[in-house]
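File shown: work24.cif. Contents: mmCIF, C-alpha atoms, pLDDT in the B column; chains and numbers go by the auth columns.
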```
data_start
loop_
_atom_site.group_PDB
_atom_site.id
_atom_site.type_symbol
_atom_site.label_atom_id
_atom_site.label_comp_id
_atom_site.label_asym_id
_atom_site.label_seq_id
_atom_site.Cartn_x
_atom_site.Cartn_y
_atom_site.Cartn_z
_atom_site.B_iso_or_equiv
_atom_site.auth_seq_id
_atom_site.auth_asym_id
ATOM 1 C CA MET A 1 -89.282 209.133 -126.878 47.00 7 W
ATOM 2 C CA SER A 2 -90.505 205.717 -125.837 46.00 8 W
ATOM 3 C CA THR A 3 -88.207 205.772 -122.787 49.00 9 W
ATOM 4 C CA VAL A 4 -89.822 209.007 -121.643 50.00 10 W
ATOM 5 C CA ALA A 5 -93.239 207.410 -121.997 49.00 11 W
ATOM 6 C CA ASP A 6 -92.013 204.298 -120.183 52.00 12 W
ATOM 7 C CA LYS A 7 -90.666 206.382 -117.333 51.00 13 W
ATOM 8 C CA SER A 8 -93.813 208.412 -116.815 52.00 14 W
ATOM 9 C CA GLU A 9 -95.802 205.189 -116.903 54.00 15 W
ATOM 10 C CA ALA A 10 -93.463 203.685 -114.312 45.00 16 W
ATOM 11 C CA VAL A 11 -93.727 206.751 -112.054 50.00 17 W
ATOM 12 C CA SER A 12 -97.478 206.472 -112.088 63.00 18 W
ATOM 13 C CA ALA A 13 -97.114 202.800 -111.112 80.00 19 W
ATOM 14 C CA SER A 14 -95.594 203.759 -107.745 84.00 20 W
ATOM 15 C CA THR A 15 -97.803 206.806 -107.172 86.00 21 W
ATOM 16 C CA GLN A 16 -100.774 204.675 -108.209 88.00 22 W
ATOM 17 C CA PHE A 17 -99.772 202.084 -105.628 92.00 23 W
ATOM 18 C CA LEU A 18 -99.554 204.724 -102.891 91.00 24 W
ATOM 19 C CA SER A 19 -102.984 206.152 -103.664 90.00 25 W
ATOM 20 C CA ASP A 20 -104.430 202.603 -103.884 93.00 26 W
ATOM 21 C CA ILE A 21 -103.334 201.643 -100.382 95.00 27 W
ATOM 22 C CA ILE A 22 -104.390 204.777 -98.456 96.00 28 W
ATOM 23 C CA GLY A 23 -106.816 203.749 -95.699 97.00 29 W
ATOM 24 C CA LYS A 24 -105.870 200.068 -95.995 97.00 30 W
ATOM 25 C CA PRO A 25 -103.988 197.839 -93.542 98.00 31 W
ATOM 26 C CA VAL A 26 -100.282 197.724 -94.294 98.00 32 W
ATOM 27 C CA TYR A 27 -96.937 196.426 -93.065 98.00 33 W
ATOM 28 C CA VAL A 28 -94.123 198.935 -92.799 98.00 34 W
ATOM 29 C CA LYS A 29 -90.599 197.757 -92.058 98.00 35 W
ATOM 30 C CA LEU A 30 -87.770 200.058 -91.024 98.00 36 W
ATOM 31 C CA HIS A 31 -84.086 199.408 -91.637 96.00 37 W
ATOM 32 C CA SER A 32 -83.742 198.530 -87.958 96.00 38 W
ATOM 33 C CA GLY A 33 -85.938 195.471 -88.617 96.00 39 W
ATOM 34 C CA MET A 34 -88.910 196.807 -86.663 97.00 40 W
ATOM 35 C CA LEU A 35 -92.184 195.858 -88.350 98.00 41 W
ATOM 36 C CA TYR A 36 -95.260 198.049 -87.946 98.00 42 W
ATOM 37 C CA THR A 37 -98.771 196.958 -88.850 98.00 43 W
ATOM 38 C CA GLY A 38 -101.599 199.446 -88.977 97.00 44 W
ATOM 39 C CA THR A 39 -103.950 201.443 -91.141 98.00 45 W
ATOM 40 C CA LEU A 40 -102.186 203.731 -93.609 97.00 46 W
ATOM 41 C CA GLU A 41 -103.438 207.259 -92.935 97.00 47 W
ATOM 42 C CA SER A 42 -101.052 209.000 -95.318 96.00 48 W
ATOM 43 C CA ILE A 43 -97.707 208.810 -97.068 94.00 49 W
ATOM 44 C CA ASP A 44 -95.628 211.460 -98.838 92.00 50 W
ATOM 45 C CA GLY A 45 -92.898 211.558 -101.465 89.00 51 W
ATOM 46 C CA PHE A 46 -90.210 211.114 -98.801 92.00 52 W
ATOM 47 C CA MET A 47 -91.950 207.893 -97.702 94.00 53 W
ATOM 48 C CA ASN A 48 -92.830 209.573 -94.418 96.00 54 W
ATOM 49 C CA ILE A 49 -95.801 207.549 -93.173 97.00 55 W
ATOM 50 C CA ALA A 50 -98.671 208.073 -90.739 98.00 56 W
ATOM 51 C CA LEU A 51 -100.214 204.901 -89.299 98.00 57 W
ATOM 52 C CA SER A 52 -103.213 204.518 -87.032 97.00 58 W
ATOM 53 C CA SER A 53 -103.778 201.562 -84.680 97.00 59 W
ATOM 54 C CA ALA A 54 -100.172 200.505 -85.108 97.00 60 W
ATOM 55 C CA THR A 55 -98.642 197.401 -83.588 97.00 61 W
ATOM 56 C CA GLU A 56 -94.918 196.779 -83.355 98.00 62 W
ATOM 57 C CA HIS A 57 -93.047 193.500 -83.884 97.00 63 W
ATOM 58 C CA TYR A 58 -89.439 192.602 -84.652 97.00 64 W
ATOM 59 C CA GLU A 59 -88.936 191.236 -88.217 95.00 65 W
ATOM 60 C CA ASN A 60 -92.244 189.342 -88.485 94.00 66 W
ATOM 61 C CA LYS A 61 -95.543 188.860 -86.708 94.00 67 W
ATOM 62 C CA ASP A 62 -94.532 185.449 -85.364 93.00 68 W
ATOM 63 C CA ASN A 63 -92.153 187.281 -83.059 93.00 69 W
ATOM 64 C CA GLY A 64 -93.944 188.607 -80.006 92.00 70 W
ATOM 65 C CA LEU A 65 -95.886 191.837 -79.865 96.00 71 W
ATOM 66 C CA ILE A 66 -93.626 194.611 -78.619 96.00 72 W
ATOM 67 C CA ASN A 67 -96.063 197.519 -78.490 96.00 73 W
ATOM 68 C CA THR A 68 -99.465 198.775 -79.549 97.00 74 W
ATOM 69 C CA TYR A 69 -100.102 202.458 -80.224 97.00 75 W
ATOM 70 C CA ASN A 70 -103.562 203.936 -79.787 96.00 76 W
ATOM 71 C CA SER A 71 -102.666 207.334 -81.237 96.00 77 W
ATOM 72 C CA ASP A 72 -101.467 207.898 -84.790 96.00 78 W
ATOM 73 C CA VAL A 73 -97.745 207.313 -85.233 97.00 79 W
ATOM 74 C CA PHE A 74 -95.308 208.943 -87.636 98.00 80 W
ATOM 75 C CA LEU A 75 -92.616 206.862 -89.320 98.00 81 W
ATOM 76 C CA ARG A 76 -89.588 208.713 -90.729 97.00 82 W
ATOM 77 C CA GLY A 77 -89.287 208.199 -94.473 96.00 83 W
ATOM 78 C CA THR A 78 -85.490 207.878 -94.456 97.00 84 W
ATOM 79 C CA GLN A 79 -85.785 204.840 -92.156 97.00 85 W
ATOM 80 C CA VAL A 80 -88.486 203.026 -94.176 97.00 86 W
ATOM 81 C CA MET A 81 -87.328 199.866 -95.969 98.00 87 W
ATOM 82 C CA TYR A 82 -90.702 198.938 -97.437 98.00 88 W
ATOM 83 C CA ILE A 83 -94.451 199.288 -97.241 97.00 89 W
ATOM 84 C CA SER A 84 -96.549 196.265 -98.118 97.00 90 W
ATOM 85 C CA GLU A 85 -100.227 195.386 -98.503 96.00 91 W
ATOM 86 C CA VAL A 86 -101.477 193.092 -95.708 94.00 92 W
ATOM 87 C CA MET B 1 -76.225 197.036 -131.962 73.00 5 Y
ATOM 88 C CA ALA B 2 -78.375 199.182 -129.712 81.00 6 Y
ATOM 89 C CA GLU B 3 -77.010 200.200 -126.351 90.00 7 Y
ATOM 90 C CA ILE B 4 -78.920 198.927 -123.316 91.00 8 Y
ATOM 91 C CA LEU B 5 -79.477 201.626 -120.703 93.00 9 Y
ATOM 92 C CA PRO B 6 -79.251 200.595 -117.029 93.00 10 Y
ATOM 93 C CA LEU B 7 -82.918 201.341 -116.340 93.00 11 Y
ATOM 94 C CA GLU B 8 -83.899 199.345 -119.437 94.00 12 Y
ATOM 95 C CA VAL B 9 -82.657 196.240 -117.655 94.00 13 Y
ATOM 96 C CA ILE B 10 -85.246 196.934 -114.957 95.00 14 Y
ATOM 97 C CA ASP B 11 -87.946 197.898 -117.431 95.00 15 Y
ATOM 98 C CA LYS B 12 -87.527 194.612 -119.299 95.00 16 Y
ATOM 99 C CA THR B 13 -88.025 192.721 -116.018 96.00 17 Y
ATOM 100 C CA ILE B 14 -91.525 194.106 -115.424 96.00 18 Y
ATOM 101 C CA ASN B 15 -94.053 191.279 -114.978 97.00 19 Y
ATOM 102 C CA GLN B 16 -91.203 188.807 -114.578 97.00 20 Y
ATOM 103 C CA PRO B 17 -89.508 187.196 -111.560 98.00 21 Y
ATOM 104 C CA VAL B 18 -86.895 189.384 -109.916 98.00 22 Y
ATOM 105 C CA TRP B 19 -84.274 189.009 -107.181 97.00 23 Y
ATOM 106 C CA ILE B 20 -83.322 192.144 -105.291 97.00 24 Y
ATOM 107 C CA ILE B 21 -80.324 192.395 -102.986 96.00 25 Y
ATOM 108 C CA LEU B 22 -79.974 195.208 -100.447 97.00 26 Y
ATOM 109 C CA GLN B 23 -76.879 196.708 -98.840 95.00 27 Y
ATOM 110 C CA SER B 24 -77.731 194.830 -95.654 94.00 28 Y
ATOM 111 C CA GLU B 25 -77.954 191.024 -95.471 93.00 29 Y
ATOM 112 C CA ARG B 26 -81.466 191.070 -96.916 97.00 30 Y
ATOM 113 C CA GLU B 27 -82.997 189.968 -100.203 97.00 31 Y
ATOM 114 C CA PHE B 28 -86.397 189.990 -101.855 98.00 32 Y
ATOM 115 C CA THR B 29 -87.828 187.757 -104.556 98.00 33 Y
ATOM 116 C CA GLY B 30 -91.134 188.095 -106.361 98.00 34 Y
ATOM 117 C CA THR B 31 -92.630 189.519 -109.519 98.00 35 Y
ATOM 118 C CA LEU B 32 -91.586 193.042 -110.468 97.00 36 Y
ATOM 119 C CA VAL B 33 -94.641 195.155 -111.233 96.00 37 Y
ATOM 120 C CA GLY B 34 -93.140 198.643 -111.426 95.00 38 Y
ATOM 121 C CA PHE B 35 -90.410 201.092 -110.494 95.00 39 Y
ATOM 122 C CA ASP B 36 -89.682 204.813 -110.592 93.00 40 Y
ATOM 123 C CA ASP B 37 -86.685 207.074 -111.306 90.00 41 Y
ATOM 124 C CA PHE B 38 -85.350 206.557 -107.751 92.00 42 Y
ATOM 125 C CA VAL B 39 -85.446 202.786 -108.362 95.00 43 Y
ATOM 126 C CA ASN B 40 -88.076 202.367 -105.706 96.00 44 Y
ATOM 127 C CA VAL B 41 -89.611 199.086 -106.845 97.00 45 Y
ATOM 128 C CA ILE B 42 -93.008 197.445 -106.490 97.00 46 Y
ATOM 129 C CA ILE B 43 -92.934 193.658 -106.088 97.00 47 Y
ATOM 130 C CA GLN B 44 -95.976 191.365 -106.236 97.00 48 Y
ATOM 131 C CA ASP B 45 -96.148 188.497 -103.699 97.00 49 Y
ATOM 132 C CA ALA B 46 -92.665 189.173 -102.397 97.00 50 Y
ATOM 133 C CA THR B 47 -90.677 186.800 -100.227 97.00 51 Y
ATOM 134 C CA GLU B 48 -88.266 188.470 -97.828 97.00 52 Y
ATOM 135 C CA TRP B 49 -85.000 186.769 -96.877 97.00 53 Y
ATOM 136 C CA THR B 50 -82.026 187.424 -94.656 96.00 54 Y
ATOM 137 C CA THR B 51 -78.773 186.001 -95.970 92.00 55 Y
ATOM 138 C CA SER B 52 -75.674 185.485 -93.906 89.00 56 Y
ATOM 139 C CA GLN B 53 -72.704 187.000 -95.708 83.00 57 Y
ATOM 140 C CA THR B 54 -70.369 184.558 -93.980 89.00 58 Y
ATOM 141 C CA THR B 55 -72.253 181.309 -94.666 91.00 59 Y
ATOM 142 C CA GLY B 56 -74.384 182.432 -97.628 85.00 60 Y
ATOM 143 C CA ILE B 57 -77.380 180.656 -96.114 91.00 61 Y
ATOM 144 C CA SER B 58 -80.750 182.374 -96.656 92.00 62 Y
ATOM 145 C CA GLU B 59 -83.571 182.319 -94.166 94.00 63 Y
ATOM 146 C CA LYS B 60 -87.124 183.296 -95.012 95.00 64 Y
ATOM 147 C CA VAL B 61 -88.282 186.261 -92.911 96.00 65 Y
ATOM 148 C CA MET B 62 -91.843 186.467 -94.196 96.00 66 Y
ATOM 149 C CA GLU B 63 -94.024 186.095 -97.267 97.00 67 Y
ATOM 150 C CA HIS B 64 -95.963 189.103 -98.473 97.00 68 Y
ATOM 151 C CA HIS B 65 -99.256 188.765 -100.292 96.00 69 Y
ATOM 152 C CA GLY B 66 -100.150 191.599 -102.623 96.00 70 Y
ATOM 153 C CA ARG B 67 -97.831 194.427 -103.562 97.00 71 Y
ATOM 154 C CA LEU B 68 -94.787 195.712 -101.708 98.00 72 Y
ATOM 155 C CA LEU B 69 -93.106 199.075 -102.319 97.00 73 Y
ATOM 156 C CA LEU B 70 -89.400 198.651 -101.583 97.00 74 Y
ATOM 157 C CA SER B 71 -87.381 201.828 -101.048 96.00 75 Y
ATOM 158 C CA GLY B 72 -84.658 202.255 -103.670 96.00 76 Y
ATOM 159 C CA ASN B 73 -82.370 203.822 -101.075 95.00 77 Y
ATOM 160 C CA ASN B 74 -80.694 200.599 -100.004 96.00 78 Y
ATOM 161 C CA ILE B 75 -80.908 198.476 -103.155 97.00 79 Y
ATOM 162 C CA ASN B 76 -77.536 197.120 -104.285 97.00 80 Y
ATOM 163 C CA MET B 77 -78.501 194.810 -107.125 96.00 81 Y
ATOM 164 C CA LEU B 78 -81.517 193.730 -109.120 97.00 82 Y
ATOM 165 C CA VAL B 79 -81.344 190.398 -110.923 97.00 83 Y
ATOM 166 C CA PRO B 80 -83.910 189.650 -113.668 97.00 84 Y
ATOM 167 C CA GLY B 81 -85.263 186.097 -113.624 95.00 85 Y
ATOM 168 C CA GLY B 82 -85.355 185.677 -109.861 91.00 86 Y
ATOM 169 C CA ARG B 83 -83.115 183.885 -107.369 88.00 87 Y
ATOM 170 C CA ARG B 84 -80.306 181.786 -108.780 76.00 88 Y
ATOM 171 C CA SER B 85 -80.907 178.088 -108.241 62.00 89 Y
ATOM 172 C CA GLY B 86 -78.519 176.577 -105.749 51.00 90 Y
ATOM 173 C CA ASN B 87 -78.937 179.503 -103.407 49.00 91 Y
#
```
Once you've parsed the file, please lay out its structure as structure tokens.
Amino acid sequence: MSTVADKSEAVSASTQFLSDIIGKPVYVKLHSGMLYTGTLESIDGFMNIALSSATEHYENKDNGLINTYNSDVFLRGTQVMYISEV
Amino acid sequence: MAEILPLEVIDKTINQPVWIILQSEREFTGTLVGFDDFVNVIIQDATEWTTSQTTGISEKVMEHHGRLLLSGNNINMLVPGGRRSGN
């Protein structure tokens, strides 16, 4: 019984995190090592992500700017390694 | 003697240091703040490392401030207590 309660609490921890960070600046890294910084427009249960004002770097921001995107960009959930608060 | 379920190991690590090793040559350390049934994990103030599998030497990639949601898809191992000293 307690494990069920623990689980549902844990699930809300990750969904809580996702709802907390909507509209905030985030880092998203893909398995390729590409790092995207931008404003989180939305995210779904597959970790598909929409970013606005995205910039693209390799591995970290100390490595040179590769691209900036003026339109919203979509990042494929299967390729997302992590999403992090800036 | 009560049996310890696999996910209980993770649950007991909440609010404690954790060391997470991915399938690739990449590791994360920080404080575990939560996880879900897919073993997606949330880490507070994570440090991201790449580790050479031939030399075992770790290099810091970046430090994250705040929370980080790490996809459970490519997690190989989760070690309660954080990175082993000597690594």
Q | Result set of the PyMOL selection byres ((chain Y and resi 48-54) around 8) on the coordinates above, as a list in words | A | Glu29, Arg30, Glu31, Phe32, Thr33, Gly34, Thr35, Leu36, Val37, Ile46, Ile47, Thr55, Ser56, Ser62, Glu63, Lys64, Val65, Met66, Glu67, His68, His69, Gly70, Arg71 and Leu72 of chain Y
Store the residues picked out above, limited to C-alpha atoms, as a PDB file, keeping the file's coordinate frame.
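Saved to out10.pdb:
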```pdb
ATOM      1  CA  GLU Y  29     -77.954 191.024 -95.471  1.00 93.00           C
ATOM      2  CA  ARG Y  30     -81.466 191.070 -96.916  1.00 97.00           C
ATOM      3  CA  GLU Y  31     -82.997 189.968-100.203  1.00 97.00           C
ATOM      4  CA  PHE Y  32     -86.397 189.990-101.855  1.00 98.00           C
ATOM      5  CA  THR Y  33     -87.828 187.757-104.556  1.00 98.00           C
ATOM      6  CA  GLY Y  34     -91.134 188.095-106.361  1.00 98.00           C
ATOM      7  CA  THR Y  35     -92.630 189.519-109.519  1.00 98.00           C
ATOM      8  CA  LEU Y  36     -91.586 193.042-110.468  1.00 97.00           C
ATOM      9  CA  VAL Y  37     -94.641 195.155-111.233  1.00 96.00           C
ATOM     10  CA  ILE Y  46     -93.008 197.445-106.490  1.00 97.00           C
ATOM     11  CA  ILE Y  47     -92.934 193.658-106.088  1.00 97.00           C
ATOM     12  CA  THR Y  55     -78.773 186.001 -95.970  1.00 92.00           C
ATOM     13  CA  SER Y  56     -75.674 185.485 -93.906  1.00 89.00           C
ATOM     14  CA  SER Y  62     -80.750 182.374 -96.656  1.00 92.00           C
ATOM     15  CA  GLU Y  63     -83.571 182.319 -94.166  1.00 94.00           C
ATOM     16  CA  LYS Y  64     -87.124 183.296 -95.012  1.00 95.00           C
ATOM     17  CA  VAL Y  65     -88.282 186.261 -92.911  1.00 96.00           C
ATOM     18  CA  MET Y  66     -91.843 186.467 -94.196  1.00 96.00           C
ATOM     19  CA  GLU Y  67     -94.024 186.095 -97.267  1.00 97.00           C
ATOM     20  CA  HIS Y  68     -95.963 189.103 -98.473  1.00 97.00           C
ATOM     21  CA  HIS Y  69     -99.256 188.765-100.292  1.00 96.00           C
ATOM     22  CA  GLY Y  70    -100.150 191.599-102.623  1.00 96.00           C
ATOM     23  CA  ARG Y  71     -97.831 194.427-103.562  1.00 97.00           C
ATOM     24  CA  LEU Y  72     -94.787 195.712-101.708  1.00 98.00           C
TER      25      LEU Y  72
END
```
Q) From the list Y:Gly38, Y:Thr17, Y:Pro10, Y:Met5, which residue is nearest Y:Pro84 when using all atoms listed in the file? A) Y:Thr17
Q: Step by step, work through what the PyMOL selection byres ((chain W and resi 36) around 8) selects in the shown file, and finish by giving those residues as a list of chain:residue names.
A: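 Evaluating the PyMOL selection byres ((chain W and resi 36) around 8) on these coordinates yields W:Val34, W:Lys35, W:His37, W:Ser38, W:Gly39, W:Met40, W:Leu41, W:Gln85, W:Val86, W:Met87, W:Tyr88.
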Enumerate, as a compact mmCIF listing (two decimals) with C-alpha atoms, in the coordinates of the input, the residues matched when the PyMOL selection byres ((chain W and resi 42) around 12) is run on the file above.
```txt
# COMPACT_ATOMS: atom_id res chain seq x y z
CA PRO W 31 -103.99 197.84 -93.54
CA VAL W 32 -100.28 197.72 -94.29
CA TYR W 33 -96.94 196.43 -93.06
CA VAL W 34 -94.12 198.94 -92.80
CA LYS W 35 -90.60 197.76 -92.06
CA LEU W 36 -87.77 200.06 -91.02
CA HIS W 37 -84.09 199.41 -91.64
CA SER W 38 -83.74 198.53 -87.96
CA GLY W 39 -85.94 195.47 -88.62
CA MET W 40 -88.91 196.81 -86.66
CA LEU W 41 -92.18 195.86 -88.35
CA THR W 43 -98.77 196.96 -88.85
CA GLY W 44 -101.60 199.45 -88.98
CA THR W 45 -103.95 201.44 -91.14
CA LEU W 46 -102.19 203.73 -93.61
CA ILE W 55 -95.80 207.55 -93.17
CA ALA W 56 -98.67 208.07 -90.74
CA LEU W 57 -100.21 204.90 -89.30
CA SER W 58 -103.21 204.52 -87.03
CA SER W 59 -103.78 201.56 -84.68
CA ALA W 60 -100.17 200.50 -85.11
CA THR W 61 -98.64 197.40 -83.59
CA GLU W 62 -94.92 196.78 -83.36
CA HIS W 63 -93.05 193.50 -83.88
CA TYR W 64 -89.44 192.60 -84.65
CA GLU W 65 -88.94 191.24 -88.22
CA ASN W 66 -92.24 189.34 -88.48
CA LYS W 67 -95.54 188.86 -86.71
CA LEU W 71 -95.89 191.84 -79.86
CA ILE W 72 -93.63 194.61 -78.62
CA ASN W 73 -96.06 197.52 -78.49
CA THR W 74 -99.46 198.78 -79.55
CA TYR W 75 -100.10 202.46 -80.22
CA VAL W 79 -97.74 207.31 -85.23
CA PHE W 80 -95.31 208.94 -87.64
CA LEU W 81 -92.62 206.86 -89.32
CA VAL W 86 -88.49 203.03 -94.18
CA MET W 87 -87.33 199.87 -95.97
CA TYR W 88 -90.70 198.94 -97.44
CA ILE W 89 -94.45 199.29 -97.24
CA SER W 90 -96.55 196.26 -98.12
CA GLU W 91 -100.23 195.39 -98.50
CA VAL W 92 -101.48 193.09 -95.71
```
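A straight line drawn from atom CA of Y:Val45 to atom CA of W:Gly83 is 15.4 Å long.
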Q: Compute the distance from (-81.5, 201.6, -98.2) to each atom, counting all atoms listed in the file, keep the residues with any atom at most 7 Å away, and return them as a PyMOL selection string; use the coordinates of the file.
A: (chain W and resi 87) or (chain Y and resi 26-27+75-79)
Q) What does the distance from atom CA of Y:Ala6 to atom CA of Y:Ile18 come to in Å, to one decimal? A)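 Here the two named atoms are 20.1 Å from each other.
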Q | Å distance separating atom CA of Y:Leu73 from atom CA of W:Phe23, one decimal place | A |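 Between atom CA of Y:Leu73 and atom CA of W:Phe23 the gap is 8.0 Å.
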Once 8 Å is added on each side, what are the centre and the three edge lengths, in Å to one decimal, of the axis-aligned box enclosing the listed atoms of stretch 70-77 of chain W? Present them as AutoDock Vina command-line options.
```
--center_x -98.6 --center_y 198.0 --center_z -79.9 --size_x 25.9 --size_y 34.7 --size_z 18.7
```
